[in-house]
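**Q** Structure provided below as structure tokens; questions to follow.
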Amino acid sequence: MAAATECAEAPLDTAARRKLLQDLFGDEDESEDAPAPAWQPVDGVAGLFVWRAVLDDATQAALRAWLCKEGWFVVDEAGSAPDAAGPGVWTDVRPGSYNQGMFFGQLPAVLADAAAPLEAGIRALWAGFCGNASSDAARRPLFNQAIVNVYGPDGFIRPHVDLARFADGILVLSLGSAATMTFAPVAAGAATVAAAETEVAVALLPGDALWMCGPARYVWTHRIDRADSDVWPDGVRRVRRTRVSLTLRRLAETCADADSADGPAGGSVAG
Ligand SMILES: O=C(O)CCC(=O)C(=O)O
């Protein structure tokens, strides 16, 4: 096994990532009038949106440095080969001391800063796709709870619907490796999901954000299956590496006090 080193900045390549997406989905930047990339609905799951490559290099580097400093993962001496592995992939990291932790209350600044540019778009989505539009869209802060999940290359998470103690609207920031998140209608709620009895798989790439609200949050389960590799949108299958997901939520007002017993306020816990 390679020895761990001090936290080092790995080369990140958002430009290459954007180019890949432009090649695949068209060059939206060719026209000066083209709309900025933003939340895109995922076909088949109402209330599910992806914002591709929204976390720029500086933001990913800041999050990486924070996660490394806090012990979420360590950096191996082997160094990285980002071009071969895919843009934004950290080939030199492996899980560190923790694989899950929670924050309650004020989020760490680096995390709040990463989510901030997404906020206006999220509030705009509420009217069309999420419940309790006016009150939820206006809530401040948008998030007061976060979970950090670190997945080794063989990591997975079982199918689940996030607990009712969390309000509508869940943001996932995905870093370090691709993973395929699969959505399936929950048994009791399937009848309410129009013409969508099948599963929907979403490839989450490093730097992507995912937004779940309304039906996507309440009547679909989501999971990540164990896999050696994922097929990226360019059709290339790439080896899965260490991935970090940052899930940001808001505690439901009615049970915020009781449910904060899940973890210490303002701190992190190993899981
Ligand atoms: O890893 C992810 O992207 C999702 C994490 C998740 O579903 C959760 O923490 O409840």
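Ordering of the structure tokens sets the chain letters (A, B, ...), residue numbers begin anew at 1 in every chain, and ligands are numbered from 1 in the order given.
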Report as number ranges by chain which protein, DNA and RNA residues come within 8 Å of ligand 1, using only C-alpha atoms and all ligand atoms.
**A** A: 147-151, 157, 160-162, 172-174, 179, 181, 204, 222-224, 244-247
**Q** Give one line per residue of segment 193-259 of chain A that approaches segment 108-132 of chain A to at most 9 Å, naming the two atoms of the closest pair and their distance in Å to one decimal, counting only C-alpha atoms; sort by chain then ascending residue number and deliver it as a Markdown table.
**A**
| residue | atom | partner | partner_atom | distance |
| --- | --- | --- | --- | --- |
| A:Ala209 | CA | A:Leu118 | CA | 8.7 |
| A:Trp211 | CA | A:Ile122 | CA | 7.9 |
| A:Met212 | CA | A:Cys130 | CA | 8.8 |
| A:Cys213 | CA | A:Cys130 | CA | 5.3 |
| A:Gly214 | CA | A:Cys130 | CA | 4.4 |
| A:Pro215 | CA | A:Cys130 | CA | 7.8 |
| A:Leu246 | CA | A:Leu111 | CA | 8.3 |
| A:Leu248 | CA | A:Ala115 | CA | 8.6 |
**Q** With C-alpha atoms retained, could you export that selection as an mmCIF file, in the first residue's frame?
**A**
data_model
loop_
_atom_site.group_PDB
_atom_site.id
_atom_site.type_symbol
_atom_site.label_atom_id
_atom_site.label_comp_id
_atom_site.auth_asym_id
_atom_site.auth_seq_id
_atom_site.Cartn_x
_atom_site.Cartn_y
_atom_site.Cartn_z
ATOM 1 C CA ALA A 209 -24.903 18.379 -7.997
ATOM 2 C CA TRP A 211 -31.445 18.077 -6.288
ATOM 3 C CA MET A 212 -34.353 15.965 -5.025
ATOM 4 C CA CYS A 213 -37.671 17.453 -4.074
ATOM 5 C CA GLY A 214 -41.350 16.569 -4.031
ATOM 6 C CA PRO A 215 -41.921 13.130 -5.624
ATOM 7 C CA LEU A 246 -22.030 15.929 0.662
ATOM 8 C CA LEU A 248 -27.333 19.081 2.516
#
**Q** Counting only C-alpha atoms, figure out which residue out of A:Gly86, A:Gly96, A:Gly44, A:Gly105 gets nearest to Lys69 of chain A.
**A**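 Of all the options, A:Gly96 lies closest to Lys69 of chain A.
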**Q** Taking 5 positions as the minimum chain separation for residues in the same chain, which residues sit within 10 Å of Leu163 of chain A when counting only C-alpha atoms? Answer as a list in words.
**A** Arg217, Tyr218, Leu251 and Ala252 of chain A
**Q** Which neighbours of Ala178 of chain A fall inside 12 Å, counting only C-alpha atoms, when residues of the same chain fewer than 4 positions from it are skipped, and could you give them as a PyMOL selection string?
**A** chain A and resi 53+85-91+151-153+155+173-174+202-209+224+227-233+236-245
**Q** When DSSP works through the backbone of this structure, what residues of segment 43-196 of chain A end up as helix (DSSP H, G or I), shown as a VMD selection string?
**A** chain A and resid 57 to 69 82 to 85 109 to 129 133 to 138 190 to 192
**Q** Per DSSP on the backbone, filter segment 142-239 of chain A down to the residues in strand (DSSP E) and report them as a ChimeraX atom specification.
**A** /A:145-151,157-160,170-175,179-185,200-204,209-212,220-224,229-231,237-239
**Q** I'd like the neighbourhood of Gly71 of chain A as a CSV table (one decimal) with C-alpha atoms, in the first residue's frame, where a residue qualifies if any of its atoms comes within 9 Å (using only C-alpha atoms), though same-chain residues fewer than 6 positions away should be ignored.
**A**
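In the end it all went to part.csv:
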chain,number,residue,atom,x,y,z
A,95,PRO,CA,-10.8,6.6,2.7
A,96,GLY,CA,-9.4,8.0,5.9
A,97,SER,CA,-10.6,7.9,9.4
A,98,TYR,CA,-14.3,8.3,8.9
**Q** Would you compute the distance between atom CA of Phe183 of chain A and atom CA of Thr198 of chain A? Give it in Å to one decimal.
**A**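 The value is 8.7 Å.
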**Q** What gap, in Å, lies between atom CA of Pro41 of chain A and atom CA of Glu199 of chain A?
**A**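 Spanning atom CA of Pro41 of chain A to atom CA of Glu199 of chain A is a straight-line distance of 15.6 Å.
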**Q** Ranking A:Asp234, A:Ala164, A:Ser177, A:Ala138 by minimum distance to Val219 of chain A and counting only C-alpha atoms, which one comes first?
**A**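 When distances to Val219 of chain A are compared using only C-alpha atoms, the smallest one comes from A:Ala164.
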**Q** Kindly give the distance, in Å, that separates atom CA of Val93 of chain A and atom CA of Gln106 of chain A, rounded to a single decimal.
**A**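 Spanning atom CA of Val93 of chain A to atom CA of Gln106 of chain A is a straight-line distance of 27.6 Å.
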